[in-house]
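Pasting target.txt here (compact mmCIF, C-alpha atoms):
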```txt
# COMPACT_ATOMS: atom_id res chain seq x y z
CA MET W 17 18.61 -31.58 8.59
CA ASN W 18 15.68 -32.84 6.53
CA ASP W 19 12.88 -30.76 5.01
CA ASN W 20 10.53 -31.31 7.94
CA GLU W 21 13.11 -30.16 10.48
CA LEU W 22 13.96 -27.13 8.38
CA SER W 23 10.28 -26.26 7.95
CA SER W 24 9.71 -26.51 11.69
CA LEU W 25 12.72 -24.33 12.33
CA VAL W 26 11.40 -21.59 10.04
CA ARG W 27 7.91 -21.78 11.56
CA GLU W 28 9.23 -21.65 15.10
CA SER W 29 11.49 -18.72 14.30
CA VAL W 30 8.49 -16.48 13.64
CA ALA W 31 6.01 -18.04 16.05
CA ASP W 32 6.23 -15.13 18.45
CA ILE W 33 5.22 -12.54 15.83
CA ARG W 34 1.68 -11.54 16.73
CA SER W 35 -0.63 -8.89 15.39
CA SER W 36 -1.10 -6.03 17.81
CA THR W 37 -4.03 -4.33 16.11
CA PRO W 38 -7.46 -4.73 17.75
CA VAL W 39 -10.20 -6.01 15.46
CA ASP W 40 -12.34 -2.93 16.22
CA GLN W 41 -9.67 -0.74 14.65
CA ILE W 42 -9.63 -2.92 11.52
CA ILE W 43 -13.41 -2.80 11.22
CA SER W 44 -13.43 0.95 11.66
CA ARG W 45 -10.87 1.34 8.87
CA GLY W 46 -12.92 -1.07 6.75
CA HIS W 47 -15.96 1.15 7.16
CA ALA W 48 -13.91 4.09 5.89
CA VAL W 49 -12.85 2.05 2.85
CA ARG W 50 -16.50 1.16 2.18
CA ALA W 51 -17.55 4.80 2.49
CA TRP W 52 -14.84 5.81 0.05
CA ARG W 53 -15.93 3.20 -2.46
CA ARG W 54 -19.53 4.39 -2.24
CA ARG W 55 -18.51 8.00 -2.76
CA VAL W 56 -16.63 7.42 -6.02
CA PRO W 57 -19.50 5.79 -7.98
CA ALA W 58 -21.88 8.44 -6.60
CA ALA W 59 -19.63 11.14 -7.98
CA ALA W 60 -19.41 9.34 -11.32
CA GLY W 61 -23.22 9.17 -11.49
CA ALA W 62 -23.56 12.87 -10.85
CA LEU W 63 -20.92 13.48 -13.47
CA VAL W 64 -23.20 12.19 -16.20
CA MET W 65 -26.01 14.50 -15.12
CA ALA W 66 -23.83 17.58 -14.93
CA GLY W 67 -21.79 16.98 -18.07
CA GLY W 68 -20.68 19.81 -20.30
CA ALA W 69 -19.58 22.34 -17.76
CA ALA W 70 -17.13 25.09 -18.63
CA LEU W 71 -13.51 24.25 -19.38
CA GLY W 72 -14.34 20.59 -19.64
CA VAL W 73 -14.48 20.33 -15.88
CA THR W 74 -17.64 18.87 -14.49
CA VAL W 75 -18.49 20.31 -11.14
CA LEU W 76 -20.43 18.25 -8.66
CA ALA W 77 -22.24 20.42 -6.19
CA PRO W 78 -23.64 18.59 -3.19
CA SER W 79 -27.10 19.74 -2.13
CA GLY W 80 -27.02 22.86 -0.09
CA HIS W 81 -23.55 23.77 -1.31
CA PRO W 82 -23.16 27.06 -3.20
CA ALA W 83 -22.90 26.54 -6.94
CA PRO W 84 -19.45 27.08 -8.39
CA THR W 85 -18.70 29.95 -10.67
CA ALA W 86 -15.80 28.39 -12.53
CA ALA W 87 -13.78 25.28 -12.03
CA GLY W 88 -10.31 25.98 -10.77
CA LYS W 89 -11.04 29.52 -9.65
CA ALA W 90 -9.34 30.03 -6.31
CA GLY W 91 -11.58 29.41 -3.33
CA SER W 92 -14.71 29.07 -5.39
CA HIS W 93 -15.18 25.42 -6.25
CA PRO W 94 -17.35 23.11 -4.17
CA ALA W 95 -16.34 20.18 -2.03
CA VAL W 96 -16.17 17.75 -4.94
CA VAL W 97 -14.79 18.49 -8.38
CA GLY W 98 -14.48 15.82 -10.98
CA LEU W 99 -13.72 14.89 -14.52
CA ALA W 100 -14.03 11.49 -16.07
CA ALA W 101 -10.25 11.40 -15.63
CA TRP W 102 -10.04 12.41 -11.99
CA THR W 103 -11.98 13.58 -8.94
CA VAL W 104 -10.96 15.91 -6.11
CA ALA W 105 -12.97 15.97 -2.89
CA LYS W 106 -12.13 18.33 -0.08
CA GLN W 107 -13.22 17.07 3.32
CA ALA W 108 -14.54 19.20 6.15
CA ASN W 109 -11.30 18.69 8.09
CA GLY W 110 -9.23 20.09 5.22
CA ASP W 111 -8.01 16.73 3.88
CA ILE W 112 -8.12 16.39 0.11
CA ASP W 113 -9.09 13.06 -1.48
CA VAL W 114 -7.86 12.65 -5.04
CA THR W 115 -8.90 9.86 -7.40
CA ILE W 116 -6.99 9.61 -10.66
CA LYS W 117 -8.54 7.33 -13.26
CA GLN W 118 -6.83 8.66 -16.39
CA PHE W 119 -3.76 10.80 -16.78
CA GLN W 120 -5.57 13.67 -18.50
CA HIS W 121 -6.30 17.35 -17.86
CA PRO W 122 -3.37 18.01 -15.51
CA ALA W 123 -3.79 21.79 -15.67
CA GLN W 124 -7.37 21.58 -14.36
CA LEU W 125 -6.31 19.18 -11.62
CA GLN W 126 -3.52 21.53 -10.64
CA ALA W 127 -5.91 24.50 -10.54
CA THR W 128 -8.42 22.54 -8.46
CA LEU W 129 -5.83 21.49 -5.90
CA ARG W 130 -4.51 25.04 -5.66
CA ALA W 131 -8.06 26.30 -5.17
CA ASP W 132 -8.33 23.87 -2.27
CA GLY W 133 -5.34 25.53 -0.68
CA LEU W 134 -2.69 23.01 -1.69
CA PRO W 135 0.45 24.40 -3.33
CA ALA W 136 0.62 21.92 -6.19
CA SER W 137 2.32 21.27 -9.49
CA VAL W 138 0.74 18.61 -11.71
CA SER W 139 2.29 17.20 -14.86
CA PHE W 140 1.27 14.04 -16.66
CA SER W 141 3.92 14.43 -19.34
CA GLY W 142 7.25 14.32 -17.59
CA HIS W 143 8.82 16.19 -14.72
CA PRO W 144 8.48 19.90 -14.18
CA ASP W 145 11.69 21.80 -14.79
CA SER W 146 13.87 21.20 -11.73
CA ALA W 147 15.07 24.79 -11.95
CA VAL W 148 11.45 25.87 -11.44
CA CYS W 149 10.34 23.14 -9.00
CA GLN W 150 13.11 22.41 -6.54
CA PRO W 151 12.77 19.17 -4.54
CA TYR W 152 12.30 19.68 -0.81
CA ARG W 153 15.44 18.19 0.67
CA ASN W 154 14.23 17.56 4.20
CA ALA W 155 11.41 15.22 3.23
CA GLY W 156 11.58 11.90 5.04
CA PRO W 157 9.57 8.70 5.16
CA ASN W 158 7.65 9.76 8.26
CA LEU W 159 6.69 13.06 6.74
CA ASN W 160 5.63 11.32 3.56
CA ARG W 161 3.54 8.87 5.53
CA SER W 162 1.65 11.68 7.21
CA ILE W 163 0.94 13.32 3.87
CA TYR W 164 0.05 10.22 1.92
CA ALA W 165 -2.05 8.74 4.69
CA SER W 166 -4.01 6.68 2.25
CA PHE W 167 -2.66 5.88 -1.17
CA TYR W 168 -3.37 2.78 -3.09
CA LEU W 169 -3.94 1.41 -6.55
CA ALA W 170 -7.42 -0.08 -6.84
CA SER W 171 -8.11 -3.18 -8.85
CA ASN W 172 -9.76 -1.04 -11.53
CA GLY W 173 -6.52 0.87 -12.02
CA SER W 174 -7.56 4.06 -10.21
CA TYR W 175 -5.16 5.80 -7.87
CA PHE W 176 -6.53 7.06 -4.57
CA LEU W 177 -4.64 9.39 -2.32
CA THR W 178 -5.50 11.48 0.68
CA ILE W 179 -3.43 14.59 1.23
CA HIS W 180 -3.26 16.49 4.50
CA PRO W 181 -2.29 20.05 3.49
CA SER W 182 -2.08 21.09 7.14
CA LEU W 183 0.83 18.68 7.65
CA LEU W 184 2.94 20.18 4.91
CA PRO W 185 5.79 22.28 6.29
CA SER W 186 5.54 25.97 5.61
CA GLY W 187 6.80 26.85 2.15
CA VAL W 188 6.48 23.30 0.83
CA GLY W 189 4.12 22.02 -1.86
CA LEU W 190 3.50 18.82 -3.76
CA SER W 191 4.55 17.83 -7.24
CA ILE W 192 2.37 15.17 -8.86
CA THR W 193 3.80 13.46 -11.92
CA VAL W 194 3.48 10.22 -13.84
CA GLU W 195 6.41 7.91 -14.29
CA LYS W 196 6.95 4.71 -16.14
CA ILE W 197 8.09 2.07 -13.75
CA LYS W 198 8.99 -1.58 -13.92
CA VAL W 199 8.21 -4.01 -11.12
CA LYS W 200 8.96 -7.69 -11.37
CA GLY W 201 8.98 -7.63 -15.16
CA LEU W 202 5.76 -5.64 -15.45
CA SER W 203 6.02 -2.08 -16.67
CA GLY W 204 3.46 0.68 -16.64
CA PRO W 205 2.68 4.19 -15.48
CA ALA W 206 2.51 5.13 -11.81
CA VAL W 207 1.69 8.29 -9.92
CA ALA W 208 4.70 9.86 -8.24
CA LEU W 209 4.44 12.48 -5.51
CA ARG W 210 7.29 14.66 -4.36
CA GLN W 211 7.59 17.49 -1.94
CA VAL W 212 8.90 20.64 -3.55
CA TYR W 213 9.66 24.15 -2.39
CA ALA W 214 6.55 26.23 -3.00
CA SER W 215 7.04 29.10 -5.42
CA LEU W 216 4.91 31.16 -7.75
CA GLN W 217 6.43 29.48 -10.79
CA CYS W 218 6.13 25.93 -9.44
CA THR W 219 3.12 25.61 -7.17
CA GLY W 220 1.27 28.86 -7.84
CA MET Y 13 -28.84 -8.46 12.82
CA VAL Y 14 -27.30 -9.65 9.56
CA VAL Y 15 -24.59 -7.00 9.82
CA ARG Y 16 -23.83 -8.07 13.36
CA THR Y 17 -23.43 -11.68 12.25
CA GLN Y 18 -21.11 -10.68 9.43
CA GLN Y 19 -19.08 -8.62 11.86
CA GLN Y 20 -18.82 -11.56 14.22
CA ASP Y 21 -17.75 -13.80 11.34
CA PHE Y 22 -15.11 -11.32 10.31
CA ALA Y 23 -13.88 -10.84 13.87
CA GLU Y 24 -13.53 -14.58 14.26
CA PHE Y 25 -11.63 -14.81 10.97
CA TYR Y 26 -9.37 -11.94 11.98
CA ARG Y 27 -8.54 -13.50 15.32
CA SER Y 28 -7.75 -16.84 13.76
CA ALA Y 29 -5.76 -15.59 10.75
CA ALA Y 30 -4.16 -12.26 11.70
CA ASP Y 31 -1.01 -13.67 13.28
CA GLU Y 32 -0.24 -16.07 10.45
CA CYS Y 33 -0.93 -13.44 7.80
CA LEU Y 34 1.38 -11.04 9.62
CA ARG Y 35 4.14 -13.66 9.89
CA THR Y 36 3.79 -14.50 6.21
CA VAL Y 37 4.00 -10.90 5.07
CA ALA Y 38 6.79 -10.10 7.55
CA VAL Y 39 8.92 -12.91 6.14
CA SER Y 40 8.02 -11.97 2.56
CA ILE Y 41 9.05 -8.33 2.86
CA GLY Y 42 11.52 -8.55 5.74
CA ASP Y 43 10.13 -5.72 7.83
CA GLN Y 44 7.74 -6.45 10.65
CA GLY Y 45 6.56 -2.87 11.15
CA THR Y 46 5.67 -2.38 7.51
CA ALA Y 47 4.12 -5.85 7.43
CA GLN Y 48 1.80 -4.89 10.30
CA GLU Y 49 0.63 -1.79 8.41
CA LEU Y 50 0.09 -3.71 5.17
CA VAL Y 51 -1.76 -6.57 6.85
CA ASP Y 52 -3.97 -4.15 8.78
CA GLU Y 53 -4.87 -2.40 5.53
CA ALA Y 54 -5.52 -5.72 3.81
CA PHE Y 55 -7.83 -6.89 6.61
CA ALA Y 56 -9.66 -3.56 6.46
CA ARG Y 57 -10.24 -4.09 2.76
CA ALA Y 58 -11.32 -7.65 3.49
CA TRP Y 59 -13.95 -6.34 5.88
CA ALA Y 60 -15.03 -3.73 3.31
CA SER Y 61 -15.63 -6.59 0.85
CA TRP Y 62 -16.49 -9.26 3.38
CA ARG Y 63 -19.43 -10.70 1.44
CA THR Y 64 -17.04 -11.59 -1.37
CA VAL Y 65 -13.95 -12.39 0.66
CA SER Y 66 -15.85 -14.65 3.07
CA ARG Y 67 -16.75 -16.89 0.14
CA HIS Y 68 -13.14 -17.06 -1.06
CA PRO Y 69 -11.75 -20.60 -0.75
CA ALA Y 70 -8.78 -19.26 1.24
CA PRO Y 71 -9.55 -15.80 2.64
CA GLU Y 72 -6.20 -15.65 4.44
CA ALA Y 73 -4.50 -16.04 1.05
CA TRP Y 74 -6.62 -13.15 -0.24
CA VAL Y 75 -5.44 -11.01 2.67
CA VAL Y 76 -1.78 -11.86 2.10
CA ARG Y 77 -2.05 -11.21 -1.63
CA THR Y 78 -3.72 -7.85 -0.96
CA ALA Y 79 -1.05 -6.92 1.58
CA LEU Y 80 1.77 -7.85 -0.79
CA ASN Y 81 0.14 -5.86 -3.61
CA ALA Y 82 -0.20 -2.88 -1.28
CA GLY Y 83 3.48 -3.29 -0.47
CA ILE Y 84 4.36 -3.11 -4.17
CA SER Y 85 2.25 0.03 -4.58
CA ARG Y 86 3.98 1.53 -1.56
CA TRP Y 87 7.36 0.60 -2.98
CA ARG Y 88 6.46 2.25 -6.27
CA ARG Y 89 5.89 5.59 -4.68
CA ARG Y 90 8.71 5.46 -2.17
CA ARG Y 91 11.39 3.81 -4.20
CA ARG Y 92 13.31 7.05 -4.54
CA GLU Y 93 12.89 7.97 -0.92
CA VAL Y 94 13.74 4.83 1.09
CA SER Y 95 16.89 2.84 0.59
CA VAL Y 96 16.49 -0.85 -0.12
CA PRO Y 97 18.00 -3.03 2.61
CA ASP Y 98 21.04 -5.05 1.66
CA PRO Y 99 19.98 -8.66 2.20
CA ALA Y 100 23.52 -9.61 3.15
CA ARG Y 101 23.33 -7.21 6.07
CA ALA Y 102 19.76 -7.99 7.08
CA ALA Y 103 20.81 -9.14 10.53
CA ASP Y 104 22.35 -5.72 11.17
CA LEU Y 105 19.24 -3.77 10.23
CA PRO Y 106 17.44 -2.00 13.06
CA ALA Y 107 14.15 -3.75 12.31
CA ALA Y 108 15.77 -7.13 12.33
CA SER Y 109 17.81 -6.50 15.44
CA GLU Y 110 14.81 -5.09 17.29
CA ALA Y 111 12.80 -8.08 16.28
CA SER Y 112 15.58 -10.41 17.25
CA ALA Y 113 15.59 -9.09 20.77
CA SER Y 114 12.00 -10.01 21.31
CA GLN Y 115 10.38 -12.06 18.59
CA VAL Y 116 12.38 -13.39 15.67
CA ASP Y 117 15.46 -15.59 15.55
CA PRO Y 118 18.00 -13.21 13.92
CA GLN Y 119 20.03 -15.97 12.23
CA ILE Y 120 17.04 -17.56 10.57
CA MET Y 121 15.57 -14.20 9.62
CA ALA Y 122 18.90 -13.18 8.09
CA ALA Y 123 19.01 -16.44 6.12
CA LEU Y 124 15.48 -15.80 4.87
CA MET Y 125 16.39 -12.25 3.89
CA ARG Y 126 19.29 -13.56 1.81
CA LEU Y 127 16.84 -15.49 -0.37
CA PRO Y 128 15.56 -13.83 -3.55
CA ALA Y 129 12.22 -12.12 -2.93
CA ARG Y 130 10.16 -14.64 -4.89
CA GLN Y 131 11.70 -17.61 -3.08
CA ARG Y 132 11.01 -15.89 0.24
CA GLU Y 133 7.36 -15.36 -0.72
CA VAL Y 134 7.02 -19.00 -1.65
CA VAL Y 135 8.60 -20.13 1.62
CA ALA Y 136 6.33 -17.82 3.59
CA LEU Y 137 3.15 -18.97 1.85
CA ARG Y 138 4.03 -22.66 1.90
CA LEU Y 139 5.55 -22.98 5.36
CA ILE Y 140 3.94 -20.26 7.44
CA LEU Y 141 0.52 -19.83 5.85
CA ASP Y 142 0.51 -23.56 5.05
CA LEU Y 143 -0.89 -23.13 1.53
CA ASP Y 144 -0.51 -25.98 -0.93
CA THR Y 145 1.42 -25.60 -4.16
CA ALA Y 146 -1.64 -24.83 -6.29
CA ARG Y 147 -2.95 -22.11 -3.96
CA THR Y 148 0.54 -20.60 -3.60
CA ALA Y 149 0.82 -20.47 -7.38
CA GLU Y 150 -2.56 -18.76 -7.58
CA VAL Y 151 -1.64 -16.16 -4.97
CA LEU Y 152 1.65 -15.32 -6.65
CA GLY Y 153 0.32 -15.58 -10.19
CA ILE Y 154 2.91 -18.13 -11.27
CA ALA Y 155 2.82 -21.76 -12.41
CA PRO Y 156 2.72 -24.58 -9.81
CA GLY Y 157 5.93 -25.98 -11.29
CA THR Y 158 7.62 -22.63 -10.69
CA VAL Y 159 6.45 -22.68 -7.08
CA MET Y 160 8.01 -26.12 -6.61
CA ALA Y 161 11.24 -24.99 -8.22
CA HIS Y 162 11.44 -21.88 -6.01
CA MET Y 163 10.64 -23.96 -2.94
CA GLY Y 164 13.33 -26.50 -3.74
CA ARG Y 165 15.98 -23.86 -4.29
CA ALA Y 166 14.94 -21.93 -1.19
CA MET Y 167 15.08 -25.00 1.04
CA ALA Y 168 18.50 -25.92 -0.32
CA ALA Y 169 19.80 -22.41 0.26
CA LEU Y 170 18.37 -22.24 3.78
CA ARG Y 171 19.80 -25.63 4.65
CA LEU Y 172 23.23 -24.57 3.44
CA ASP Y 173 22.99 -21.26 5.23
CA LEU Y 174 21.72 -22.57 8.56
CA GLN Y 175 23.60 -25.85 8.79
CA PRO Y 176 26.85 -24.44 10.23
CA GLU Y 177 24.96 -22.50 12.87
CA LEU Y 178 22.93 -25.51 13.87
CA GLN Y 179 26.04 -27.64 14.11
CA GLN Y 180 27.64 -24.97 16.26
CA GLU Y 181 24.58 -24.89 18.52
CA ASN Y 182 24.63 -28.66 18.84
CA ARG Y 183 28.32 -28.63 19.79
CA SER Y 184 27.76 -26.03 22.47
```
Same coordinates, now as structure tokens:
Amino acid sequence: MNDNELSSLVRESVADIRSSTPVDQIISRGHAVRAWRRRVPAAAGALVMAGGAALGVTVLAPSGHPAPTAAGKAGSHPAVVGLAAWTVAKQANGDIDVTIKQFQHPAQLQATLRADGLPASVSFSGHPDSAVCQPYRNAGPNLNRSIYASFYLASNGSYFLTIHPSLLPSGVGLSITVEKIKVKGLSGPAVALRQVYASLQCTG
Amino acid sequence: MVVRTQQQDFAEFYRSAADECLRTVAVSIGDQGTAQELVDEAFARAWASWRTVSRHPAPEAWVVRTALNAGISRWRRRRREVSVPDPARAADLPAASEASASQVDPQIMAALMRLPARQREVVALRLILDLDTARTAEVLGIAPGTVMAHMGRAMAALRLDLQPELQQENRS
């Protein structure tokens, strides 16, 4: 068998694989990606104008939205809360969009997520004590997919994730940590998400 | 009107390139279902940046690179949650056996899965997406000489792996 025959064999073996996704669906998803990209710079621009808020957290209040009293106070912060390091945006449907640009101010991020109704534990300096935050044993790939509906590393190094709190099983929260990983010879930090049993000590 | 034209351009590109991009990613990662998700996401990002991507010398290569990068990101976050398939048993995996029933030759897919990941990516880009050595090197971020070396080793391994089966087929 020469190279040409082998090449043809490989090509023919996958010739019946065809994409099943309609182009309209792709374009619709592309519009959502565009909207997301527009939202992040807009938030960054507002950040400059509103700099110096209490606790180092800059609060971005959309027009018509009640002004916040304190960042991280339960139920009181507006739809979008952001630092230079990260941004949290709660959508009308309850989804929470998180952008992490720098691994800083984990306590404020944790408080913001909890204020948005998400039982969360955030640590950028190692894992929370496993005796305090117990991993949720029944988590599976499908469940994870529904929670991390959109999670990707942008070319600028930012992490984007969309969390659906309503899809979390009762009594379960999220642990957000940073881990050093190595992929194909390249090493660096990466965001790691785990489902954990919600408790006062772990997820508030 | 301009937007409509761009959308038509993109739709035409999608229709012409989607199948080959999907095949390339499916062979690279060995899972057709995941490949479909990654390629869909990559095409969505291509549409979101269509002004730039449309001027790329090989937009389909951009899509495949984006899909493979998304796959690495996905692997990073799920590596503790999903077991890695044993290449030696690829033919026994549900995804492979499902595919074999309808779309993919199980013996050839199993032989491809037994290749190291980088060799498989090179084979997919060179043979299925029909990229030349230079473009393949660019997509994978490696030297053209390395692409040729991977391709040579992959072809030798595939030939060795598939030869007995082909001979058996010819006899029968």
- Message: Should the cut-off be 6 Å, what would the residue list for chain W against chain Y look like, counting all atoms listed in the file, as a list in words?
- Response: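 Written out as asked, the residues are Arg27, Ser29, Val30, Asp32, Ile33, Arg34, Ser35, Ile42, Arg45, Gly46, Arg50 and Ala208 of chain W.
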- Message: To one decimal place in Å, what is the distance between CA of Arg63 in chain Y and CA of Gln107 in chain W?
- Response: 28.5 Å
- Task: Figure out the distance between CA of Glu195 in chain W and CA of Arg130 in chain W, please, to one decimal in Å.
- Result: 22.1 Å
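One distance worth recording is that between CA of Ala131 in chain W and CA of Asp111 in chain W, which is 13.2 Å.
Minimum atom-to-atom distances from Y:His68, Y:Arg126, Y:Arg132, Y:Arg77 to Ile41 in chain Y were compared using all atoms listed in the file, and the lowest value belongs to Y:Arg132.
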- Query: Given the choices W:Val148, W:Leu184, W:Val49, W:Asp132, which gets closest to Ala105 in chain W if the distance is worked out from all atoms listed in the file?
  - Reply: W:Asp132
- Message: Nearest residue to Gln150 in chain W out of W:Arg210, W:His121, W:Lys106, W:His47, using only C-alpha atoms?
- Response: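 Comparing W:Arg210, W:His121, W:Lys106, W:His47 against Gln150 in chain W, the winner is W:Arg210.
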